[in-house]
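Participant: I have a structure I would like to understand better, so I am pasting it below and will then ask my questions one at a time.
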Amino acid sequence: MGRSESVPVTGGVTIHYFFDPPLPNTSHNKSVSGAITSDVSTCAIIYKNEIYDLKRSRQWTLDAPIFGVPFGAKHISIHIELPDDYGVRPEAYRQFLRYREGEQRQVLAQDFGSLTREHRPVWLAEVIKSFAPADSSSAIEIRNELQKLLNSLRIKSPSPRVDAIGSISVDPGQGPGARLERAGDGRPEGKSPRVTPDDFLAVPRGAKRATISLNAERVPEIIYLRDEEQIEEKGLKKRRRSSTGRGRSYSSTWNTRR
């Protein structure tokens with residue numbers, strides 16, 4: 001490993017953080033050189049020298065932000081070691097752990113997500129930050145990739161309709177997509193020119209229109225929140241990944257600072 005650190009936390013739990021640097025000119029981590037085991041990064045619970053709720057490869061990459069690793073999860077492993085007297089017990093076939101108290105539900109690594117985020121070593125936070133894409137280019141690349149996905153899935157945007165008690169004020173003939181008839185069309189004086197709608201699509205500010213269809217869903221603007229106060233103000237601190245709607249549209253906010 002390039003670097004590792006074991007951090008004792010509350011309840012006698014010890015969290016082990018590992019950083020396995022990338023091996024130059026390959027898709028592997030550095031530990032693959034001369035190793036007899038896989039170099040794939042993992043996350044797991046350790047209890048009495050046994051591994052439970054093992055996460056690896058894509059599963060670990062998707063769940064890593066819960067543990068405070070939004071970037072570079074391919075090179076970072078986290079193991080949560082429980083003391084022998086912790087309030088858990090192995091299931092009969094030793095496939096997973098259960099809590100001894102309450103409903104005796106299954107013990108998951110996500111249960112310790114807050115602890116792993118709060119106790120990340122400073123050096124690990126810097127490593128994570130080094131894998132973060134630059135703000136200027138990453139936002140454009142991410143939006144383009146998401147837009148391609150929305151286009152391929154043919155996800156439609158709801159078409160707005162005029163409603164007398166609607167929350168958005170509309171004025172026929174003034175907005176984009178409305179084509180006025182040419183002057184001198186024989187209409188009586190004082191009458192407003194007839195409006196022919198070309199496009200009823202409402203374009204949210206900052207959104208990018210899909211090229212495949214005028215009525216296709218568009219990717220929203222991506223805004224990075226780097227400041228702790230901004231994250232706290234938006235109520236996004238410690239929030240995990242959530243999916244909504246068709247096409248699994250994900251919304252995530254990750255904090256890379258301790």
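The chains in the structure tokens are called A, B, ... from first to last as shown; in each chain the residues are counted from 1, and the ligands are counted from 1 in the order shown.
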Report as a PyMOL selection string all protein, DNA and RNA residues lying within 12 Å of Glu101 of chain A, evaluated on only C-alpha atoms, omitting residues in the same chain fewer than 4 positions from it.
Facilitator: chain A and resi 86-89+105-107
Participant: Report as a count of residues only: the residues of segment 5-175 of chain A with a DSSP assignment of helix (DSSP H, G or I), based on the backbone of this structure.
Facilitator: 59
Participant: Expressed in Å to a single decimal, how great is the separation between atom CA of Tyr99 of chain A and atom CA of Val69 of chain A?
Facilitator: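 These atoms are spaced 26.1 Å apart.
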